[in-house]
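Asker: Contents of start_31.pdb (PDB, C-alpha atoms, pLDDT in the B column) are given next:
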ATOM      1  CA  MET A   1     -11.094 -30.470   5.745  1.00 34.00           C
ATOM      2  CA  ALA A   2     -10.230 -26.785   5.353  1.00 41.00           C
ATOM      3  CA  ALA A   3     -11.704 -24.303   7.788  1.00 42.00           C
ATOM      4  CA  VAL A   4     -13.004 -21.050   6.320  1.00 41.00           C
ATOM      5  CA  VAL A   5     -12.388 -18.006   8.478  1.00 42.00           C
ATOM      6  CA  ASN A   6     -14.772 -15.084   8.054  1.00 42.00           C
ATOM      7  CA  HIS A   7     -13.617 -11.663   9.222  1.00 42.00           C
ATOM      8  CA  SER A   8     -14.746  -8.612   7.315  1.00 37.00           C
ATOM      9  CA  VAL A   9     -12.235  -5.885   8.164  1.00 40.00           C
ATOM     10  CA  SER A  10      -9.447  -7.599  10.023  1.00 50.00           C
ATOM     11  CA  PRO A  11      -6.000  -7.872   8.448  1.00 52.00           C
ATOM     12  CA  GLY A  12      -5.778 -11.134   6.609  1.00 48.00           C
ATOM     13  CA  THR A  13      -9.097 -10.671   4.855  1.00 55.00           C
ATOM     14  CA  ALA A  14      -8.741 -11.395   1.161  1.00 60.00           C
ATOM     15  CA  ALA A  15     -10.014  -8.814  -1.289  1.00 58.00           C
ATOM     16  CA  PRO A  16     -11.297 -10.031  -4.669  1.00 61.00           C
ATOM     17  CA  GLY A  17      -8.329 -11.300  -6.642  1.00 63.00           C
ATOM     18  CA  PRO A  18      -6.985  -9.582  -9.759  1.00 71.00           C
ATOM     19  CA  ARG A  19      -8.015 -10.896 -13.150  1.00 80.00           C
ATOM     20  CA  ARG A  20      -5.512 -12.172 -15.694  1.00 85.00           C
ATOM     21  CA  SER A  21      -5.733  -8.970 -17.682  1.00 89.00           C
ATOM     22  CA  GLU A  22      -4.802  -6.988 -14.580  1.00 93.00           C
ATOM     23  CA  TRP A  23      -1.836  -9.255 -13.894  1.00 93.00           C
ATOM     24  CA  ALA A  24      -0.680  -8.898 -17.501  1.00 94.00           C
ATOM     25  CA  LEU A  25      -0.740  -5.124 -17.136  1.00 95.00           C
ATOM     26  CA  VAL A  26       1.040  -5.268 -13.771  1.00 96.00           C
ATOM     27  CA  LEU A  27       3.740  -7.538 -15.193  1.00 96.00           C
ATOM     28  CA  ALA A  28       4.282  -5.196 -18.138  1.00 96.00           C
ATOM     29  CA  ALA A  29       4.473  -2.195 -15.806  1.00 96.00           C
ATOM     30  CA  ALA A  30       6.868  -4.014 -13.455  1.00 97.00           C
ATOM     31  CA  THR A  31       9.163  -4.945 -16.346  1.00 97.00           C
ATOM     32  CA  LEU A  32       9.144  -1.440 -17.813  1.00 97.00           C
ATOM     33  CA  LEU A  33       9.850   0.092 -14.411  1.00 96.00           C
ATOM     34  CA  ALA A  34      12.758  -2.290 -13.831  1.00 96.00           C
ATOM     35  CA  VAL A  35      14.310  -1.304 -17.149  1.00 96.00           C
ATOM     36  CA  VAL A  36      13.849   2.433 -16.587  1.00 96.00           C
ATOM     37  CA  MET A  37      14.767   2.544 -12.904  1.00 95.00           C
ATOM     38  CA  THR A  38      17.974   0.534 -13.367  1.00 93.00           C
ATOM     39  CA  TRP A  39      19.062   1.927 -16.723  1.00 93.00           C
ATOM     40  CA  PRO A  40      21.536   1.288 -18.377  1.00 92.00           C
ATOM     41  CA  VAL A  41      21.614  -2.266 -17.006  1.00 91.00           C
ATOM     42  CA  ALA A  42      19.048  -3.606 -19.495  1.00 90.00           C
ATOM     43  CA  GLY A  43      20.808  -1.874 -22.392  1.00 91.00           C
ATOM     44  CA  ARG A  44      24.238  -3.210 -21.415  1.00 90.00           C
ATOM     45  CA  LEU A  45      23.545  -6.678 -20.089  1.00 88.00           C
ATOM     46  CA  GLN A  46      26.956  -8.011 -21.069  1.00 90.00           C
ATOM     47  CA  THR A  47      29.053  -5.016 -20.101  1.00 87.00           C
ATOM     48  CA  ALA A  48      27.473  -3.136 -17.169  1.00 84.00           C
ATOM     49  CA  ALA A  49      28.315  -4.244 -13.629  1.00 82.00           C
ATOM     50  CA  ARG A  50      29.460  -3.040 -10.230  1.00 79.00           C
ATOM     51  CA  VAL A  51      33.013  -4.386 -10.340  1.00 78.00           C
ATOM     52  CA  ASP A  52      34.460  -1.603  -8.226  1.00 80.00           C
ATOM     53  CA  SER A  53      34.304  -3.779  -5.115  1.00 82.00           C
ATOM     54  CA  THR A  54      35.248  -7.318  -4.210  1.00 88.00           C
ATOM     55  CA  ASP A  55      31.667  -7.832  -3.008  1.00 88.00           C
ATOM     56  CA  GLY A  56      30.396  -7.081  -6.491  1.00 88.00           C
ATOM     57  CA  MET A  57      32.865  -9.419  -8.168  1.00 92.00           C
ATOM     58  CA  TYR A  58      32.111 -12.172  -5.670  1.00 92.00           C
ATOM     59  CA  ALA A  59      28.354 -11.789  -6.228  1.00 93.00           C
ATOM     60  CA  MET A  60      28.794 -12.038 -10.001  1.00 94.00           C
ATOM     61  CA  TRP A  61      30.826 -15.213  -9.700  1.00 95.00           C
ATOM     62  CA  ASN A  62      28.395 -16.636  -7.119  1.00 95.00           C
ATOM     63  CA  VAL A  63      25.270 -16.134  -9.244  1.00 96.00           C
ATOM     64  CA  ALA A  64      26.972 -17.400 -12.399  1.00 96.00           C
ATOM     65  CA  TRP A  65      28.302 -20.471 -10.579  1.00 96.00           C
ATOM     66  CA  VAL A  66      24.862 -21.394  -9.240  1.00 97.00           C
ATOM     67  CA  ALA A  67      23.224 -20.780 -12.628  1.00 97.00           C
ATOM     68  CA  ARG A  68      25.837 -22.988 -14.297  1.00 96.00           C
ATOM     69  CA  ALA A  69      25.626 -25.720 -11.658  1.00 96.00           C
ATOM     70  CA  VAL A  70      21.830 -26.002 -11.526  1.00 95.00           C
ATOM     71  CA  THR A  71      21.734 -26.394 -15.305  1.00 95.00           C
ATOM     72  CA  SER A  72      24.528 -28.963 -15.522  1.00 94.00           C
ATOM     73  CA  HIS A  73      25.045 -30.814 -12.212  1.00 92.00           C
ATOM     74  CA  PRO A  74      22.515 -29.538  -9.642  1.00 92.00           C
ATOM     75  CA  LEU A  75      23.510 -32.034  -6.938  1.00 92.00           C
ATOM     76  CA  GLY A  76      26.990 -30.503  -6.941  1.00 92.00           C
ATOM     77  CA  VAL A  77      25.889 -26.896  -6.665  1.00 94.00           C
ATOM     78  CA  PHE A  78      27.515 -26.469  -3.235  1.00 95.00           C
ATOM     79  CA  ASP A  79      30.827 -27.938  -4.421  1.00 95.00           C
ATOM     80  CA  ALA A  80      31.945 -24.631  -5.876  1.00 94.00           C
ATOM     81  CA  ASN A  81      35.227 -24.163  -7.726  1.00 93.00           C
ATOM     82  CA  ILE A  82      36.885 -22.422  -4.768  1.00 93.00           C
ATOM     83  CA  PHE A  83      39.082 -23.581  -1.873  1.00 93.00           C
ATOM     84  CA  SER A  84      40.112 -26.804  -3.627  1.00 89.00           C
ATOM     85  CA  PRO A  85      40.231 -29.627  -2.560  1.00 92.00           C
ATOM     86  CA  HIS A  86      37.466 -28.852  -0.057  1.00 94.00           C
ATOM     87  CA  THR A  87      33.838 -29.573  -0.925  1.00 93.00           C
ATOM     88  CA  GLY A  88      30.650 -27.763   0.016  1.00 93.00           C
ATOM     89  CA  THR A  89      32.494 -24.468  -0.255  1.00 94.00           C
ATOM     90  CA  LEU A  90      29.526 -22.484  -1.574  1.00 94.00           C
ATOM     91  CA  ALA A  91      28.167 -22.708   1.972  1.00 91.00           C
ATOM     92  CA  TYR A  92      31.093 -20.632   3.276  1.00 92.00           C
ATOM     93  CA  SER A  93      29.059 -17.506   2.508  1.00 90.00           C
ATOM     94  CA  GLU A  94      25.629 -16.526   1.180  1.00 90.00           C
ATOM     95  CA  SER A  95      24.797 -19.212  -1.368  1.00 92.00           C
ATOM     96  CA  ASN A  96      22.465 -17.113  -3.573  1.00 94.00           C
ATOM     97  CA  ILE A  97      20.656 -20.220  -4.757  1.00 95.00           C
ATOM     98  CA  GLY A  98      17.530 -18.182  -5.517  1.00 95.00           C
ATOM     99  CA  ALA A  99      19.330 -15.620  -7.655  1.00 96.00           C
ATOM    100  CA  GLY A 100      21.227 -18.330  -9.509  1.00 96.00           C
ATOM    101  CA  VAL A 101      18.083 -20.277 -10.305  1.00 96.00           C
ATOM    102  CA  ILE A 102      16.328 -17.121 -11.512  1.00 97.00           C
ATOM    103  CA  ALA A 103      19.292 -16.266 -13.742  1.00 96.00           C
ATOM    104  CA  ALA A 104      19.783 -19.811 -15.057  1.00 97.00           C
ATOM    105  CA  PRO A 105      17.956 -19.160 -18.379  1.00 96.00           C
ATOM    106  CA  ALA A 106      20.268 -16.197 -19.032  1.00 96.00           C
ATOM    107  CA  TRP A 107      23.298 -18.431 -18.445  1.00 96.00           C
ATOM    108  CA  LEU A 108      21.974 -21.064 -20.822  1.00 96.00           C
ATOM    109  CA  LEU A 109      21.372 -18.462 -23.510  1.00 96.00           C
ATOM    110  CA  THR A 110      24.568 -16.419 -23.168  1.00 95.00           C
ATOM    111  CA  ARG A 111      27.151 -18.279 -21.031  1.00 95.00           C
ATOM    112  CA  ASP A 112      28.067 -14.771 -19.938  1.00 95.00           C
ATOM    113  CA  VAL A 113      28.709 -13.858 -16.282  1.00 94.00           C
ATOM    114  CA  TYR A 114      27.687 -10.208 -16.721  1.00 94.00           C
ATOM    115  CA  ALA A 115      24.411 -11.000 -18.480  1.00 95.00           C
ATOM    116  CA  THR A 116      23.557 -13.692 -15.956  1.00 96.00           C
ATOM    117  CA  TYR A 117      24.096 -11.347 -13.032  1.00 95.00           C
ATOM    118  CA  ASN A 118      22.233  -8.456 -14.633  1.00 95.00           C
ATOM    119  CA  VAL A 119      19.224 -10.620 -15.388  1.00 96.00           C
ATOM    120  CA  ALA A 120      19.144 -11.570 -11.703  1.00 96.00           C
ATOM    121  CA  ILE A 121      19.207  -7.868 -10.788  1.00 95.00           C
ATOM    122  CA  LEU A 122      16.356  -6.974 -13.148  1.00 96.00           C
ATOM    123  CA  ALA A 123      14.348  -9.988 -12.007  1.00 97.00           C
ATOM    124  CA  SER A 124      14.767  -9.011  -8.368  1.00 97.00           C
ATOM    125  CA  PHE A 125      13.060  -5.652  -8.965  1.00 97.00           C
ATOM    126  CA  ILE A 126      10.320  -7.167 -11.122  1.00 98.00           C
ATOM    127  CA  LEU A 127       9.531  -9.912  -8.606  1.00 98.00           C
ATOM    128  CA  SER A 128       9.611  -7.491  -5.692  1.00 97.00           C
ATOM    129  CA  PHE A 129       7.080  -5.254  -7.447  1.00 98.00           C
ATOM    130  CA  LEU A 130       4.800  -8.179  -8.342  1.00 98.00           C
ATOM    131  CA  CYS A 131       4.840  -9.773  -4.886  1.00 98.00           C
ATOM    132  CA  THR A 132       4.275  -6.479  -3.084  1.00 98.00           C
ATOM    133  CA  TYR A 133       1.452  -5.622  -5.480  1.00 97.00           C
ATOM    134  CA  ALA A 134      -0.143  -8.994  -4.751  1.00 97.00           C
ATOM    135  CA  LEU A 135       0.117  -8.429  -1.000  1.00 97.00           C
ATOM    136  CA  ALA A 136      -1.272  -4.885  -0.997  1.00 97.00           C
ATOM    137  CA  ARG A 137      -3.956  -5.803  -3.525  1.00 96.00           C
ATOM    138  CA  ARG A 138      -5.071  -8.675  -1.323  1.00 95.00           C
ATOM    139  CA  LEU A 139      -5.235  -6.543   1.804  1.00 95.00           C
ATOM    140  CA  THR A 140      -6.757  -3.374   0.361  1.00 94.00           C
ATOM    141  CA  GLY A 141      -8.571  -4.433  -2.799  1.00 93.00           C
ATOM    142  CA  ASP A 142      -7.340  -1.191  -4.350  1.00 94.00           C
ATOM    143  CA  ARG A 143      -5.201  -1.188  -7.506  1.00 95.00           C
ATOM    144  CA  ILE A 144      -3.756   2.293  -6.940  1.00 96.00           C
ATOM    145  CA  ALA A 145      -2.788   1.530  -3.360  1.00 96.00           C
ATOM    146  CA  ALA A 146      -1.219  -1.754  -4.458  1.00 97.00           C
ATOM    147  CA  ALA A 147       0.790  -0.058  -7.214  1.00 97.00           C
ATOM    148  CA  ALA A 148       1.984   2.671  -4.848  1.00 97.00           C
ATOM    149  CA  ALA A 149       3.044   0.124  -2.242  1.00 97.00           C
ATOM    150  CA  ALA A 150       4.822  -1.960  -4.881  1.00 97.00           C
ATOM    151  CA  MET A 151       6.785   1.031  -6.193  1.00 96.00           C
ATOM    152  CA  ALA A 152       7.721   2.223  -2.714  1.00 96.00           C
ATOM    153  CA  PHE A 153       8.955  -1.207  -1.638  1.00 97.00           C
ATOM    154  CA  ALA A 154      10.617  -2.387  -4.845  1.00 96.00           C
ATOM    155  CA  TYR A 155      12.480   0.868  -5.444  1.00 95.00           C
ATOM    156  CA  ALA A 156      13.360   1.967  -1.939  1.00 94.00           C
ATOM    157  CA  PRO A 157      16.576   4.085  -2.020  1.00 92.00           C
ATOM    158  CA  TYR A 158      18.292   1.493   0.161  1.00 91.00           C
ATOM    159  CA  LEU A 159      18.290  -0.989  -2.699  1.00 91.00           C
ATOM    160  CA  TYR A 160      20.235   1.222  -5.095  1.00 87.00           C
ATOM    161  CA  ALA A 161      23.256   0.971  -2.821  1.00 85.00           C
ATOM    162  CA  ARG A 162      22.995  -2.817  -2.837  1.00 85.00           C
ATOM    163  CA  PHE A 163      23.878  -3.604  -6.452  1.00 84.00           C
ATOM    164  CA  PRO A 164      27.110  -5.365  -5.367  1.00 87.00           C
ATOM    165  CA  HIS A 165      25.073  -7.520  -2.950  1.00 91.00           C
ATOM    166  CA  ILE A 166      22.595  -9.536  -4.953  1.00 93.00           C
ATOM    167  CA  GLN A 167      21.174 -11.238  -1.859  1.00 93.00           C
ATOM    168  CA  LEU A 168      20.071  -7.852  -0.504  1.00 95.00           C
ATOM    169  CA  LEU A 169      18.213  -7.106  -3.742  1.00 95.00           C
ATOM    170  CA  MET A 170      16.174 -10.293  -3.351  1.00 96.00           C
ATOM    171  CA  THR A 171      13.453  -8.660  -1.280  1.00 97.00           C
ATOM    172  CA  PHE A 172      10.535 -10.352  -3.025  1.00 97.00           C
ATOM    173  CA  GLY A 173      10.548 -13.313  -0.640  1.00 97.00           C
ATOM    174  CA  MET A 174       9.217 -11.148   2.180  1.00 97.00           C
ATOM    175  CA  PRO A 175       5.947  -9.955   0.569  1.00 98.00           C
ATOM    176  CA  LEU A 176       5.578 -13.385  -1.044  1.00 98.00           C
ATOM    177  CA  SER A 177       5.698 -15.016   2.391  1.00 98.00           C
ATOM    178  CA  LEU A 178       3.174 -12.531   3.767  1.00 98.00           C
ATOM    179  CA  VAL A 179       0.789 -13.294   0.904  1.00 98.00           C
ATOM    180  CA  ALA A 180       1.118 -16.975   1.777  1.00 98.00           C
ATOM    181  CA  LEU A 181       0.544 -16.226   5.471  1.00 98.00           C
ATOM    182  CA  HIS A 182      -2.673 -14.342   4.722  1.00 97.00           C
ATOM    183  CA  ARG A 183      -3.863 -17.188   2.488  1.00 96.00           C
ATOM    184  CA  LEU A 184      -3.356 -19.575   5.382  1.00 97.00           C
ATOM    185  CA  VAL A 185      -5.087 -17.240   7.845  1.00 97.00           C
ATOM    186  CA  ASP A 186      -8.070 -16.788   5.515  1.00 96.00           C
ATOM    187  CA  ARG A 187      -8.350 -20.485   4.779  1.00 96.00           C
ATOM    188  CA  PRO A 188      -6.302 -22.840   6.962  1.00 97.00           C
ATOM    189  CA  SER A 189      -5.518 -25.970   4.972  1.00 96.00           C
ATOM    190  CA  VAL A 190      -2.695 -28.372   4.257  1.00 97.00           C
ATOM    191  CA  ALA A 191      -2.257 -26.891   0.781  1.00 97.00           C
ATOM    192  CA  ASN A 192      -1.890 -23.360   2.133  1.00 97.00           C
ATOM    193  CA  GLY A 193       0.515 -24.645   4.752  1.00 97.00           C
ATOM    194  CA  VAL A 194       2.684 -26.064   1.978  1.00 98.00           C
ATOM    195  CA  TRP A 195       2.509 -22.743   0.129  1.00 98.00           C
ATOM    196  CA  LEU A 196       3.627 -20.830   3.215  1.00 98.00           C
ATOM    197  CA  GLY A 197       6.520 -23.203   3.880  1.00 98.00           C
ATOM    198  CA  ALA A 198       7.614 -23.026   0.241  1.00 98.00           C
ATOM    199  CA  ALA A 199       7.426 -19.204   0.234  1.00 98.00           C
ATOM    200  CA  LEU A 200       9.561 -19.004   3.367  1.00 98.00           C
ATOM    201  CA  ALA A 201      12.079 -21.384   1.788  1.00 97.00           C
ATOM    202  CA  VAL A 202      12.237 -19.237  -1.345  1.00 97.00           C
ATOM    203  CA  ALA A 203      12.883 -16.182   0.834  1.00 97.00           C
ATOM    204  CA  ALA A 204      15.641 -17.964   2.753  1.00 96.00           C
ATOM    205  CA  LEU A 205      17.308 -19.425  -0.345  1.00 95.00           C
ATOM    206  CA  SER A 206      17.259 -15.999  -1.987  1.00 95.00           C
ATOM    207  CA  SER A 207      18.650 -14.151   1.033  1.00 95.00           C
ATOM    208  CA  ALA A 208      19.534 -15.640   4.388  1.00 93.00           C
ATOM    209  CA  TYR A 209      19.183 -12.204   5.985  1.00 94.00           C
ATOM    210  CA  TYR A 210      15.668 -11.634   4.718  1.00 96.00           C
ATOM    211  CA  GLY A 211      14.787 -15.266   5.354  1.00 96.00           C
ATOM    212  CA  ILE A 212      15.489 -14.794   9.051  1.00 96.00           C
ATOM    213  CA  LEU A 213      13.596 -11.502   9.180  1.00 97.00           C
ATOM    214  CA  ILE A 214      10.474 -12.764   7.422  1.00 97.00           C
ATOM    215  CA  GLY A 215      10.589 -16.023   9.370  1.00 97.00           C
ATOM    216  CA  LEU A 216      10.384 -14.031  12.600  1.00 97.00           C
ATOM    217  CA  ALA A 217       7.629 -11.814  11.184  1.00 97.00           C
ATOM    218  CA  VAL A 218       5.562 -14.819  10.077  1.00 98.00           C
ATOM    219  CA  GLY A 219       6.062 -16.433  13.472  1.00 97.00           C
ATOM    220  CA  VAL A 220       4.706 -13.314  15.153  1.00 97.00           C
ATOM    221  CA  GLY A 221       1.850 -13.223  12.639  1.00 97.00           C
ATOM    222  CA  VAL A 222       0.876 -16.824  13.348  1.00 97.00           C
ATOM    223  CA  VAL A 223       0.597 -16.087  17.072  1.00 97.00           C
ATOM    224  CA  LEU A 224      -1.084 -12.696  16.550  1.00 96.00           C
ATOM    225  CA  TYR A 225      -3.775 -13.961  14.207  1.00 96.00           C
ATOM    226  CA  GLY A 226      -4.233 -17.088  16.285  1.00 96.00           C
ATOM    227  CA  ILE A 227      -5.177 -14.931  19.265  1.00 96.00           C
ATOM    228  CA  TRP A 228      -6.852 -11.995  17.478  1.00 95.00           C
ATOM    229  CA  LEU A 229      -9.132 -14.049  15.236  1.00 94.00           C
ATOM    230  CA  GLY A 230      -9.663 -16.942  17.603  1.00 94.00           C
ATOM    231  CA  LEU A 231      -7.791 -19.301  15.305  1.00 93.00           C
ATOM    232  CA  TRP A 232      -5.973 -20.859  18.236  1.00 93.00           C
ATOM    233  CA  ARG A 233      -9.163 -22.917  18.716  1.00 94.00           C
ATOM    234  CA  VAL A 234      -9.185 -24.104  15.073  1.00 94.00           C
ATOM    235  CA  ARG A 235      -7.426 -27.439  14.652  1.00 95.00           C
ATOM    236  CA  ALA A 236      -6.975 -26.956  10.903  1.00 96.00           C
ATOM    237  CA  TYR A 237      -5.038 -23.739  11.575  1.00 97.00           C
ATOM    238  CA  TRP A 238      -2.376 -25.432  13.663  1.00 97.00           C
ATOM    239  CA  ILE A 239      -2.173 -28.366  11.267  1.00 97.00           C
ATOM    240  CA  ALA A 240      -1.509 -25.886   8.436  1.00 97.00           C
ATOM    241  CA  VAL A 241       1.144 -24.107  10.513  1.00 97.00           C
ATOM    242  CA  VAL A 242       2.916 -27.395  11.267  1.00 97.00           C
ATOM    243  CA  VAL A 243       2.749 -28.358   7.589  1.00 98.00           C
ATOM    244  CA  ALA A 244       4.332 -25.007   6.717  1.00 98.00           C
ATOM    245  CA  LEU A 245       7.167 -25.599   9.170  1.00 97.00           C
ATOM    246  CA  VAL A 246       7.781 -29.152   7.942  1.00 98.00           C
ATOM    247  CA  THR A 247       7.743 -27.992   4.305  1.00 98.00           C
ATOM    248  CA  LEU A 248      10.259 -25.249   5.100  1.00 97.00           C
ATOM    249  CA  LEU A 249      12.594 -27.643   6.911  1.00 96.00           C
ATOM    250  CA  LEU A 250      12.401 -30.283   4.166  1.00 97.00           C
ATOM    251  CA  ILE A 251      13.209 -27.795   1.398  1.00 94.00           C
ATOM    252  CA  MET A 252      16.052 -26.209   3.332  1.00 91.00           C
ATOM    253  CA  ALA A 253      17.473 -29.616   4.235  1.00 87.00           C
TER
END
Please express the file's structure as structure tokens.
Answerer:
Amino acid sequence: MAAVVNHSVSPGTAAPGPRRSEWALVLAAATLLAVVMTWPVAGRLQTAARVDSTDGMYAMWNVAWVARAVTSHPLGVFDANIFSPHTGTLAYSESNIGAGVIAAPAWLLTRDVYATYNVAILASFILSFLCTYALARRLTGDRIAAAAAAMAFAYAPYLYARFPHIQLLMTFGMPLSLVALHRLVDRPSVANGVWLGAALAVAALSSAYYGILIGLAVGVGVVLYGIWLGLWRVRAYWIAVVVALVTLLLIMA
């Protein structure tokens, strides 16, 4: 049975959730911002790309390969068409499974490497904005604060130098994992443990770098809130944490 944790001002307290109309507006704003802030990517989906570096060309191939594989033979996604006759060669570097899955619809519609990669880029900014908005909205209950936080995080100057590195644009997994952590802290349950484990897996499959960083942050958060809020005495809390860890390991395996 889930344990409800009541704490009025401590971090982890959930503010009233946004309504559907608010989310519709936020999604529209996030999409418009992504188009404007990355222009002319949206206007030149099949021609614009950072091909002035081998990193950029590798990332384009990587995302297109994953998008193609998950829509045709998903069990062979790691057997990339490189380093023949070896198998499992996608694991030689960042796999970009998350970006490839996100861009899979673009591949199905266009069969174009440029369009597939550019859709992944636009989606990364949109998802980063949405997940950060959800996190800040949950913690503050303030729409303006949430929007400001989302813009600051999603469009940090650092990201504009990362166009050739799609995995470093996939920042959305970090705020997504923190939202899941706060859900678990507010209401420890098996379901919220699964959500946290799945969010951490999404972060790791989208970017190994960020997956490690947010994994460490969540680990610190679990201990911090366990001590701060007295959750270390709540059996349901530790069951949820173990469920999160098992879920993460199963998905990654």
Asker: Grab the atom CA of A:Tyr158 to atom CA of A:Leu90 distance for me, in Å with one decimal place.
Answerer: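 Atom-to-atom, atom CA of A:Tyr158 and atom CA of A:Leu90 are spaced 26.5 Å apart.
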Asker: Grab all the atoms of stretch 95-109 of chain A that the file lists, wrap them in a box along x, y and z, add 4 Å per side, and give me centre plus edge lengths in Å (one decimal) as lines of an AutoDock Vina configuration file.
Answerer:
center_x = 20.6
center_y = -18.3
center_z = -12.4
size_x = 16.5
size_y = 13.4
size_z = 30.1
Asker: Which residues would end up in the selection if the PyMOL selection byres ((chain A and resi 63) around 8) were applied here, given that I need the answer as a ChimeraX atom specification?
Answerer: /A:59-62,64-67,96-97,99-100,103,116-117
Asker: Restricted to C-alpha atoms, what would the selected residues look like written as a tab-separated table (two decimals), in the coordinates of the input?
Answerer:
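Saved to selection02.tsv:
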chain	number	residue	atom	x	y	z
A	59	ALA	CA	28.35	-11.79	-6.23
A	60	MET	CA	28.79	-12.04	-10.00
A	61	TRP	CA	30.83	-15.21	-9.70
A	62	ASN	CA	28.40	-16.64	-7.12
A	64	ALA	CA	26.97	-17.40	-12.40
A	65	TRP	CA	28.30	-20.47	-10.58
A	66	VAL	CA	24.86	-21.39	-9.24
A	67	ALA	CA	23.22	-20.78	-12.63
A	96	ASN	CA	22.46	-17.11	-3.57
A	97	ILE	CA	20.66	-20.22	-4.76
A	99	ALA	CA	19.33	-15.62	-7.66
A	100	GLY	CA	21.23	-18.33	-9.51
A	103	ALA	CA	19.29	-16.27	-13.74
A	116	THR	CA	23.56	-13.69	-15.96
A	117	TYR	CA	24.10	-11.35	-13.03
Asker: Kindly indicate which residue among A:Leu178, A:Ile121, A:Leu216, A:Val242 lies nearest to A:Arg50, using only C-alpha atoms for the distances.
Answerer: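 Of A:Leu178, A:Ile121, A:Leu216, A:Val242, the one nearest A:Arg50, counting only C-alpha atoms, is A:Ile121.
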Asker: Please work out which residues fall within 6 Å of (0.2, -3.1, -3.1), coordinates as given in the file, with all atoms listed in the file counting, and return them as a ChimeraX atom specification.
Answerer: /A:132-133,135-137,145-147,149-150
Asker: Using only C-alpha atoms, which of A:Ala28, A:Asn118, A:Pro85, A:Ser207 sits nearest A:Gly43?
Answerer: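 With only C-alpha atoms as the atom set, the closest residue is A:Asn118.
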Asker: Name the closest residue to A:Ala29 among the candidates A:Phe78, A:Phe125, A:Trp107, A:Tyr58; distances are taken between atoms, counting all atoms listed in the file.
Answerer: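 Among A:Phe78, A:Phe125, A:Trp107, A:Tyr58, it is A:Phe125 that comes nearest to A:Ala29.
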Asker: What's the 9 Å shell around A:Ala244, counting only C-alpha atoms, without same-chain residues fewer than 2 positions away, as a CSV table (one decimal) with C-alpha atoms, in the frame of the given file?
Answerer:
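Listing of selection_15.csv after writing:
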chain,number,residue,atom,x,y,z
A,190,VAL,CA,-2.7,-28.4,4.3
A,192,ASN,CA,-1.9,-23.4,2.1
A,193,GLY,CA,0.5,-24.6,4.8
A,194,VAL,CA,2.7,-26.1,2.0
A,195,TRP,CA,2.5,-22.7,0.1
A,196,LEU,CA,3.6,-20.8,3.2
A,197,GLY,CA,6.5,-23.2,3.9
A,198,ALA,CA,7.6,-23.0,0.2
A,200,LEU,CA,9.6,-19.0,3.4
A,239,ILE,CA,-2.2,-28.4,11.3
A,240,ALA,CA,-1.5,-25.9,8.4
A,241,VAL,CA,1.1,-24.1,10.5
A,242,VAL,CA,2.9,-27.4,11.3
A,246,VAL,CA,7.8,-29.2,7.9
A,247,THR,CA,7.7,-28.0,4.3
A,248,LEU,CA,10.3,-25.2,5.1
A,249,LEU,CA,12.6,-27.6,6.9
Asker: Please report the interatomic distance between atom CA of A:Tyr92 and atom CA of A:Tyr160 in Å with one decimal.
Answerer: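 Distance between the two atoms: 25.8 Å.
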Asker: Identify which of the residues A:Ser177, A:Ser53, A:Thr171, A:Ser124 lies closest to A:Thr31, counting all atoms listed in the file when measuring atom-to-atom distances.
Answerer: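 Once distances to A:Thr31 are computed over all atoms listed in the file, the minimum belongs to A:Ser124.
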Asker: One decimal, Å: what's the distance from atom CA of A:Tyr209 over to atom CA of A:Leu122, could you say?
Answerer: 20.0 Å
Asker: May I have the protein, DNA and RNA residues with an atom at most 8 Å from (15.0, -15.7, -14.6), counting only C-alpha atoms in the file's coordinates, returned as a list in words?
Answerer: Val101, Ile102, Ala103, Ala104, Pro105, Ala106, Val119, Ala120 and Ala123 of chain A
Asker: With only C-alpha atoms as the atoms that count, which of A:Val51, A:Ile144, A:Met151, A:Met174 lies nearest to A:Ala30?
Answerer: A:Met151
Asker: Give the answer as one residue: which of A:Ala34, A:Arg162, A:Thr140, A:Tyr114 has the shortest atom-to-atom distance to A:Ile126, using all atoms listed in the file?
Answerer: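 Closest to A:Ile126, using all atoms listed in the file: A:Ala34.
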Asker: Is it possible to add N, CA, C and O atoms to stretch 49-54 of chain A and hand it back as a tab-separated table (two decimals), in the frame of the given file?
Answerer:
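Writing done, so here's selection_16.tsv:
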chain	number	residue	atom	x	y	z
A	49	ALA	N	28.25	-3.52	-14.89
A	49	ALA	CA	28.32	-4.24	-13.63
A	49	ALA	C	29.03	-3.41	-12.58
A	49	ALA	O	29.84	-2.53	-12.92
A	50	ARG	N	28.74	-3.67	-11.32
A	50	ARG	CA	29.46	-3.04	-10.23
A	50	ARG	C	30.68	-3.90	-9.90
A	50	ARG	O	30.62	-4.81	-9.08
A	51	VAL	N	31.78	-3.62	-10.57
A	51	VAL	CA	33.01	-4.39	-10.34
A	51	VAL	C	34.04	-3.53	-9.61
A	51	VAL	O	35.23	-3.81	-9.64
A	52	ASP	N	33.55	-2.47	-8.95
A	52	ASP	CA	34.46	-1.60	-8.23
A	52	ASP	C	34.65	-2.06	-6.78
A	52	ASP	O	35.25	-1.37	-5.98
A	53	SER	N	34.12	-3.24	-6.46
A	53	SER	CA	34.30	-3.78	-5.12
A	53	SER	C	34.43	-5.29	-5.20
A	53	SER	O	33.90	-5.92	-6.12
A	54	THR	N	35.12	-5.85	-4.23
A	54	THR	CA	35.25	-7.32	-4.21
A	54	THR	C	33.90	-7.97	-3.95
A	54	THR	O	33.65	-9.08	-4.41
